[in-house]
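Everything below belongs to protein_30.csv, which stores CSV, C-alpha atoms.
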```
chain,number,residue,atom,x,y,z
V,1,MET,CA,-1.0,8.5,-18.9
V,2,SER,CA,-2.5,12.0,-19.3
V,3,VAL,CA,-2.9,14.4,-16.4
V,4,LYS,CA,-6.7,13.8,-16.5
V,5,LYS,CA,-6.3,10.0,-16.2
V,6,GLN,CA,-3.7,10.4,-13.4
V,7,LEU,CA,-6.0,12.7,-11.3
V,8,GLU,CA,-8.9,10.4,-11.9
V,9,ARG,CA,-6.8,7.5,-10.6
V,10,LEU,CA,-5.9,9.4,-7.5
V,11,ALA,CA,-9.5,10.3,-6.9
V,12,ALA,CA,-10.4,6.6,-7.1
V,13,LEU,CA,-7.6,5.8,-4.6
V,14,GLY,CA,-8.9,8.5,-2.3
V,15,ALA,CA,-12.3,6.9,-2.2
V,16,SER,CA,-10.8,3.5,-1.5
V,17,TYR,CA,-8.6,4.8,1.3
V,18,HIS,CA,-11.5,6.7,2.8
V,19,LYS,CA,-13.4,3.4,2.9
V,20,ASN,CA,-10.5,1.7,4.5
V,21,GLY,CA,-10.4,4.3,7.3
V,22,TRP,CA,-7.0,5.6,6.1
V,23,MET,CA,-8.3,9.1,5.3
V,24,PRO,CA,-11.0,9.8,7.9
V,25,GLY,CA,-12.8,13.2,7.9
V,26,THR,CA,-10.8,15.3,5.4
V,27,ALA,CA,-7.4,13.9,6.5
V,28,GLY,CA,-4.5,13.2,4.2
V,29,ASN,CA,-3.7,14.1,0.6
V,30,LEU,CA,-2.5,12.5,-2.6
V,31,SER,CA,-0.1,13.7,-5.3
V,32,VAL,CA,1.3,12.9,-8.6
V,33,ARG,CA,4.3,14.3,-10.6
V,34,LEU,CA,4.5,13.7,-14.3
V,35,PRO,CA,7.9,13.1,-15.9
V,36,GLY,CA,9.7,16.3,-16.9
V,37,GLU,CA,7.3,18.5,-15.0
V,38,SER,CA,8.6,21.3,-12.7
V,39,GLY,CA,5.8,20.8,-10.2
V,40,PHE,CA,3.2,18.3,-9.0
V,41,TRP,CA,-0.5,17.9,-8.6
V,42,VAL,CA,-1.9,17.4,-5.1
V,43,SER,CA,-5.4,17.2,-3.6
V,44,GLY,CA,-6.6,20.4,-2.1
V,45,SER,CA,-7.3,21.3,1.6
V,46,GLY,CA,-10.5,20.3,3.5
V,47,LEU,CA,-11.9,17.8,1.0
V,48,ASP,CA,-13.7,14.6,1.8
V,49,LYS,CA,-11.6,11.9,0.1
V,50,ASN,CA,-14.6,9.8,-0.9
V,51,LEU,CA,-15.8,12.7,-3.0
V,52,LEU,CA,-12.7,13.7,-4.9
V,53,ASN,CA,-12.7,14.5,-8.6
V,54,LYS,CA,-10.1,15.7,-11.1
V,55,ARG,CA,-10.9,19.4,-10.4
V,56,ASN,CA,-10.0,18.9,-6.7
V,57,PHE,CA,-6.2,18.9,-7.4
V,58,LEU,CA,-3.8,21.9,-7.5
V,59,TYR,CA,-0.6,22.2,-9.4
V,60,ILE,CA,2.2,23.2,-7.1
V,61,ASP,CA,5.5,24.6,-8.3
V,62,LEU,CA,8.4,22.5,-7.0
V,63,GLU,CA,10.7,25.4,-6.5
V,64,THR,CA,8.4,27.9,-4.8
V,65,GLY,CA,6.0,25.5,-3.2
V,66,LYS,CA,3.1,27.7,-4.3
V,67,PRO,CA,0.2,27.1,-6.7
V,68,ASP,CA,0.9,27.8,-10.4
V,69,ALA,CA,-2.0,29.8,-11.7
V,70,SER,CA,-1.2,29.0,-15.3
V,71,LYS,CA,-1.8,25.3,-14.6
V,72,ASN,CA,-4.8,25.6,-12.4
V,73,SER,CA,-7.4,27.2,-14.7
V,74,LYS,CA,-9.6,24.1,-14.5
V,75,THR,CA,-9.2,23.6,-10.8
V,76,GLU,CA,-12.3,24.1,-8.6
V,77,LYS,CA,-12.7,27.7,-7.7
V,78,GLY,CA,-11.5,28.7,-4.2
V,79,LEU,CA,-9.5,25.5,-3.7
V,80,LYS,CA,-6.4,25.9,-1.5
V,81,PRO,CA,-3.4,23.7,-0.9
V,82,SER,CA,-3.1,21.8,2.3
V,83,ALA,CA,-0.2,22.6,4.6
V,84,GLU,CA,0.8,18.9,4.1
V,85,SER,CA,1.6,19.7,0.4
V,86,SER,CA,5.0,20.6,1.7
V,87,ILE,CA,5.6,17.0,2.7
V,88,HIS,CA,5.0,15.8,-0.9
V,89,ARG,CA,7.2,18.6,-2.1
V,90,ALA,CA,10.0,17.4,0.2
V,91,VAL,CA,9.8,13.9,-1.3
V,92,TYR,CA,9.9,15.1,-4.9
V,93,ARG,CA,12.7,17.5,-4.2
V,94,SER,CA,14.8,14.8,-2.5
V,95,LEU,CA,14.3,11.6,-4.6
V,96,GLU,CA,14.7,11.1,-8.3
V,97,ASN,CA,12.1,9.0,-10.2
V,98,VAL,CA,9.3,9.5,-7.7
V,99,GLY,CA,6.0,10.1,-9.5
V,100,CYS,CA,3.4,9.7,-6.7
V,101,GLY,CA,3.1,10.5,-3.0
V,102,LEU,CA,0.3,9.2,-0.7
V,103,HIS,CA,-0.1,10.7,2.7
V,104,VAL,CA,-2.6,8.9,4.9
V,105,HIS,CA,-3.6,8.8,8.6
V,106,THR,CA,-3.9,5.1,9.4
V,107,LEU,CA,-4.6,4.0,13.0
V,108,GLU,CA,-1.5,1.8,13.3
V,109,SER,CA,0.8,4.6,12.1
V,110,ASN,CA,-0.5,6.7,15.0
V,111,LEU,CA,0.0,3.9,17.6
V,112,ILE,CA,3.7,3.3,16.8
V,113,GLY,CA,5.9,5.8,18.6
V,114,ALA,CA,9.5,6.5,19.3
V,115,GLY,CA,9.4,9.4,21.8
V,116,THR,CA,10.6,12.0,19.3
V,117,SER,CA,10.7,15.7,20.3
V,118,SER,CA,11.3,19.1,18.8
V,119,GLU,CA,14.9,18.8,20.1
V,120,GLU,CA,15.4,15.2,18.7
V,121,PRO,CA,13.0,15.1,15.8
V,122,ILE,CA,14.1,12.0,14.0
V,123,ALA,CA,14.4,8.4,15.2
V,124,LEU,CA,14.8,5.2,13.3
V,125,LEU,CA,12.7,2.1,13.7
V,126,GLU,CA,13.9,-1.3,12.5
V,127,LEU,CA,11.2,-3.1,10.6
V,128,PRO,CA,10.4,-6.8,11.2
V,129,ASN,CA,11.9,-9.3,8.8
V,130,VAL,CA,8.6,-10.3,7.1
V,131,GLU,CA,8.0,-11.6,3.6
V,132,ILE,CA,6.1,-8.5,2.5
V,133,LEU,CA,9.4,-6.5,2.5
V,134,LYS,CA,9.8,-7.9,-1.0
V,135,ALA,CA,7.1,-5.5,-2.1
V,136,TYR,CA,9.7,-2.8,-1.7
V,137,GLY,CA,12.2,-4.7,-3.8
V,138,ILE,CA,14.2,-5.9,-0.7
V,139,TRP,CA,15.2,-9.5,-1.4
V,140,ASP,CA,18.1,-9.9,1.0
V,141,GLU,CA,17.9,-12.7,3.6
V,142,ASN,CA,17.4,-11.3,7.1
V,143,PRO,CA,17.8,-7.7,6.0
V,144,LYS,CA,18.3,-4.8,8.5
V,145,VAL,CA,15.7,-2.3,7.3
V,146,TYR,CA,14.9,1.0,9.0
V,147,VAL,CA,12.2,3.6,8.6
V,148,PRO,CA,12.5,7.2,9.9
V,149,ILE,CA,10.0,8.5,12.5
V,150,ILE,CA,9.6,12.2,12.5
V,151,TYR,CA,8.3,14.4,15.3
V,152,ASN,CA,4.9,15.9,14.7
V,153,PHE,CA,5.7,19.6,14.7
V,154,SER,CA,2.6,21.8,14.8
V,155,ASN,CA,4.2,23.7,11.8
V,156,VAL,CA,4.0,21.2,9.0
V,157,GLN,CA,6.9,22.9,7.2
V,158,ASP,CA,9.2,21.8,10.0
V,159,ILE,CA,8.1,18.2,9.4
V,160,SER,CA,8.9,18.6,5.7
V,161,ASP,CA,12.3,20.2,6.4
V,162,CYS,CA,13.3,17.3,8.6
V,163,LEU,CA,12.1,14.8,6.0
V,164,GLU,CA,13.9,16.5,3.2
V,165,ARG,CA,17.2,16.7,5.0
V,166,TYR,CA,16.9,13.0,5.9
V,167,LEU,CA,16.0,11.9,2.4
V,168,LYS,CA,18.7,13.9,0.7
V,169,THR,CA,21.3,12.6,3.0
V,170,TYR,CA,20.5,8.9,3.3
V,171,LYS,CA,18.4,7.9,0.2
V,172,PRO,CA,16.4,5.3,2.2
V,173,VAL,CA,15.6,1.9,0.8
V,174,VAL,CA,12.2,1.8,2.4
V,175,PRO,CA,9.7,4.1,0.5
V,176,PHE,CA,7.8,5.6,3.4
V,177,CYS,CA,8.2,7.6,6.6
V,178,ILE,CA,6.2,7.8,9.8
V,179,ILE,CA,5.2,11.1,11.3
V,180,GLU,CA,4.6,10.3,15.0
V,181,LYS,CA,1.0,10.4,16.2
V,182,HIS,CA,0.0,11.7,12.7
V,183,GLY,CA,0.3,9.3,9.8
V,184,ILE,CA,2.5,8.0,7.0
V,185,THR,CA,3.8,9.3,3.7
V,186,VAL,CA,4.5,6.6,1.1
V,187,TRP,CA,5.9,7.1,-2.4
V,188,GLY,CA,6.7,5.3,-5.6
V,189,LYS,CA,7.6,5.8,-9.3
V,190,ASP,CA,3.9,6.1,-10.2
V,191,SER,CA,0.5,5.6,-8.6
V,192,VAL,CA,0.5,1.9,-9.1
V,193,GLN,CA,3.8,1.3,-7.3
V,194,ALA,CA,3.0,3.9,-4.6
V,195,ASN,CA,-0.3,2.1,-3.9
V,196,ARG,CA,1.5,-1.2,-3.7
V,197,ASN,CA,4.0,0.2,-1.3
V,198,LEU,CA,1.1,1.7,0.8
V,199,GLU,CA,-0.6,-1.7,1.0
V,200,ALA,CA,2.7,-3.4,2.1
V,201,THR,CA,3.3,-0.6,4.6
V,202,ASP,CA,-0.2,-1.0,6.1
V,203,PHE,CA,0.4,-4.7,6.5
V,204,ILE,CA,3.8,-4.2,8.2
V,205,LEU,CA,2.5,-1.6,10.7
V,206,LYS,CA,-0.5,-3.8,11.5
V,207,TYR,CA,1.9,-6.7,12.1
V,208,MET,CA,4.0,-4.6,14.4
V,209,VAL,CA,1.0,-3.3,16.4
V,210,SER,CA,-0.3,-6.9,16.7
V,211,TRP,CA,3.1,-8.3,17.7
V,212,LYS,CA,3.8,-5.6,20.4
V,213,SER,CA,7.2,-7.2,21.2
V,214,PHE,CA,10.4,-5.5,20.2
V,215,SER,CA,14.0,-5.8,21.1
V,216,TYR,CA,16.1,-3.5,19.0
V,217,PRO,CA,19.6,-2.2,19.8
V,218,GLY,CA,20.6,1.4,20.2
V,219,GLU,CA,20.5,4.1,22.7
V,220,LYS,CA,18.8,7.5,22.6
V,221,ARG,CA,21.4,9.9,21.3
V,222,ILE,CA,21.7,12.4,18.5
V,223,LEU,CA,24.8,13.9,17.0
V,224,PRO,CA,24.8,17.1,15.0
V,225,SER,CA,24.0,16.2,11.4
V,226,ALA,CA,27.2,17.9,10.1
V,227,SER,CA,29.4,15.4,12.1
V,228,ALA,CA,27.5,12.5,10.7
V,229,ALA,CA,28.0,13.4,7.1
V,230,ALA,CA,31.3,11.6,6.9
V,231,LEU,CA,30.0,8.4,8.5
V,232,ASP,CA,28.9,5.4,6.5
V,233,ARG,CA,25.3,4.2,6.6
V,234,GLU,CA,25.7,1.6,9.4
V,235,GLU,CA,27.4,4.1,11.7
V,236,VAL,CA,24.8,6.7,11.0
V,237,PHE,CA,22.1,4.2,12.1
V,238,SER,CA,23.8,3.8,15.5
V,239,THR,CA,24.9,7.4,16.1
V,240,GLU,CA,23.1,10.0,14.1
V,241,PHE,CA,19.6,8.9,15.2
V,242,PRO,CA,18.3,6.9,18.0
V,243,VAL,CA,17.1,3.4,17.1
V,244,TYR,CA,14.1,2.7,19.3
V,245,PRO,CA,12.0,-0.2,20.4
V,246,ALA,CA,8.5,0.8,19.3
V,247,SER,CA,6.1,2.1,22.0
V,248,PHE,CA,2.3,2.1,21.8
V,249,SER,CA,0.0,4.8,22.9
```

Output the file's structure as structure tokens, nothing else.
Amino acid sequence: MSVKKQLERLAALGASYHKNGWMPGTAGNLSVRLPGESGFWVSGSGLDKNLLNKRNFLYIDLETGKPDASKNSKTEKGLKPSAESSIHRAVYRSLENVGCGLHVHTLESNLIGAGTSSEEPIALLELPNVEILKAYGIWDENPKVYVPIIYNFSNVQDISDCLERYLKTYKPVVPFCIIEKHGITVWGKDSVQANRNLEATDFILKYMVSWKSFSYPGEKRILPSASAAALDREEVFSTEFPVYPASFS
């Protein structure tokens, strides 16, 4: 699919998400990375997502994190990248075969919390064993599935740095993360899969908020990341990050 078609597809998704209440005001951003490209396209800052068009996207160099002027000749004049572009960049830098990122501010993602802090910025939340997990390609019976919750630093780059370190180290099965009291970032190999993953994620978070009853193991403790590098995945879940019951604002 051409760049033009990809951006038109994202613009249509933005309108749909705005209608759903997932991108209120000018919140959130959408991105796509084409195979073999050294950067990605992401929606610009301060835009109403129900009014997006293909000229509202900027090409960001993956290495520098800055707009590539040679690719942005047809971009709307004066358009600037959102600070949240760094979140998309963290995903693309960390995970192979990701071609689309969707960052939205759903109500349920703001209600689920884990008491993260600037000192302990990452926690893990065990997801409920519901049928919709199969949308992520998880077919195990009674799987143990966790999603990272990241502290909502005022400096978005700090959020991105935490996410990038986590993704590069643990290569999670679940294709999304929660930023506490902020929103969710969901990804997939292309916009079709990413949208499917977002729909599944929205269902799971709505289920969790409606359920409001959790009993997950784990105590609040964090070990230095260097010491966790030699641990296997199950040990990391119980020692590197706290595994919380969800709390609701």

task = Check the smallest atom-to-atom distance from each of V:Gly21, V:Gly183, V:Gly99, V:Pro128 to Pro35 (chain V) using only C-alpha atoms, then report the winner.
result = V:Gly99

key: All residues 8 Å or closer to Leu52 (chain V), all atoms listed in the file, same chain fewer than 3 positions away omitted, as a PyMOL selection string   = chain V and resi 11-12+14-15+47-49+56

query = From the list V:His88, V:Arg196, V:Lys54, V:Arg93, which residue is nearest Lys74 (chain V) when using only C-alpha atoms?
reply =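 Distance minimum relative to Lys74 (chain V) lands on V:Lys54.
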
query = When you draw a straight line from CA of Thr64 (chain V) to CA of Arg33 (chain V), how long is it in Å?
reply =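 Between CA of Thr64 (chain V) and CA of Arg33 (chain V) the gap is 15.3 Å.
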
inquiry  = Which residues are close to Ala194 (chain V), i.e. within 12 Å by only C-alpha atoms, leaving aside same-chain residues fewer than 5 positions away? Reply as an NGL selection string.
reply    = :V and (10 or 13 or 30-32 or 97-103 or 135-136 or 174-176 or 185-189 or 199-201)

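Nearest residue to His105 (chain V), choosing from V:Tyr146, V:Trp139, V:Trp22, V:Tyr92 and counting all atoms listed in the file: V:Trp22.
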
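Between CA of Glu180 (chain V) and CA of Gly46 (chain V) the interatomic distance comes to 21.5 Å.
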
CA of Trp211 (chain V) to CA of Leu133 (chain V), straight-line distance in Å = 16.6 Å

inquiry  = Counting all atoms listed in the file, which residue out of V:Lys66, V:Arg165, V:His182, V:Lys171 sits closest to Pro81 (chain V)?
reply    = V:Lys66

message = I'd like the contact shell of Thr116 (chain V) - 7 Å cut-off, all atoms listed in the file, skipping same-chain residues fewer than 5 positions apart - returned as a PyMOL selection string.
response = chain V and resi 121-123+150-151

ask   = Got a sec: who's within 10 Å of region 83-87 of chain V, counting all atoms listed in the file, leaving out chain neighbours fewer than 5 positions off, as a ChimeraX atom specification?
value = /V:27-31,40-45,58,60,62,65-66,92-93,101,103,155-164,185

Start from the incomplete input, build N, CA, C and O atoms for region 159-172 of chain V, and deliver everything as an mmCIF file, keeping the file's coordinate frame.
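Result file is rebuild_10.cif:
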```cif
data_model
loop_
_atom_site.group_PDB
_atom_site.id
_atom_site.type_symbol
_atom_site.label_atom_id
_atom_site.label_comp_id
_atom_site.auth_asym_id
_atom_site.auth_seq_id
_atom_site.Cartn_x
_atom_site.Cartn_y
_atom_site.Cartn_z
ATOM 1 N N ILE V 159 8.145 19.635 9.743
ATOM 2 C CA ILE V 159 8.100 18.200 9.400
ATOM 3 C C ILE V 159 8.797 17.983 8.064
ATOM 4 O O ILE V 159 9.667 17.119 7.886
ATOM 5 N N SER V 160 8.369 18.784 7.102
ATOM 6 C CA SER V 160 8.900 18.600 5.700
ATOM 7 C C SER V 160 10.363 18.907 5.654
ATOM 8 O O SER V 160 11.093 18.210 4.937
ATOM 9 N N ASP V 161 10.841 19.903 6.389
ATOM 10 C CA ASP V 161 12.300 20.200 6.400
ATOM 11 C C ASP V 161 13.089 19.053 6.944
ATOM 12 O O ASP V 161 14.147 18.702 6.406
ATOM 13 N N CYS V 162 12.599 18.438 8.027
ATOM 14 C CA CYS V 162 13.300 17.300 8.600
ATOM 15 C C CYS V 162 13.317 16.125 7.600
ATOM 16 O O CYS V 162 14.350 15.477 7.404
ATOM 17 N N LEU V 163 12.178 15.878 6.970
ATOM 18 C CA LEU V 163 12.100 14.800 6.000
ATOM 19 C C LEU V 163 13.017 15.030 4.825
ATOM 20 O O LEU V 163 13.740 14.120 4.386
ATOM 21 N N GLU V 164 13.037 16.237 4.315
ATOM 22 C CA GLU V 164 13.900 16.500 3.200
ATOM 23 C C GLU V 164 15.352 16.379 3.474
ATOM 24 O O GLU V 164 16.113 15.802 2.685
ATOM 25 N N ARG V 165 15.775 16.854 4.650
ATOM 26 C CA ARG V 165 17.200 16.700 5.000
ATOM 27 C C ARG V 165 17.543 15.206 5.134
ATOM 28 O O ARG V 165 18.609 14.779 4.680
ATOM 29 N N TYR V 166 16.647 14.431 5.724
ATOM 30 C CA TYR V 166 16.900 13.000 5.900
ATOM 31 C C TYR V 166 17.001 12.306 4.523
ATOM 32 O O TYR V 166 17.944 11.560 4.252
ATOM 33 N N LEU V 167 16.024 12.551 3.666
ATOM 34 C CA LEU V 167 16.000 11.900 2.400
ATOM 35 C C LEU V 167 17.161 12.233 1.499
ATOM 36 O O LEU V 167 17.729 11.376 0.808
ATOM 37 N N LYS V 168 17.560 13.489 1.500
ATOM 38 C CA LYS V 168 18.700 13.900 0.700
ATOM 39 C C LYS V 168 19.991 13.332 1.140
ATOM 40 O O LYS V 168 20.902 13.087 0.342
ATOM 41 N N THR V 169 20.088 13.081 2.441
ATOM 42 C CA THR V 169 21.300 12.600 3.000
ATOM 43 C C THR V 169 21.464 11.066 2.893
ATOM 44 O O THR V 169 22.520 10.540 2.545
ATOM 45 N N TYR V 170 20.363 10.350 3.155
ATOM 46 C CA TYR V 170 20.500 8.900 3.300
ATOM 47 C C TYR V 170 19.802 8.072 2.222
ATOM 48 O O TYR V 170 20.013 6.868 2.161
ATOM 49 N N LYS V 171 18.991 8.668 1.350
ATOM 50 C CA LYS V 171 18.400 7.900 0.200
ATOM 51 C C LYS V 171 17.853 6.572 0.704
ATOM 52 O O LYS V 171 18.374 5.518 0.314
ATOM 53 N N PRO V 172 16.840 6.536 1.534
ATOM 54 C CA PRO V 172 16.400 5.300 2.200
ATOM 55 C C PRO V 172 15.900 4.234 1.191
ATOM 56 O O PRO V 172 15.357 4.553 0.131
#
```
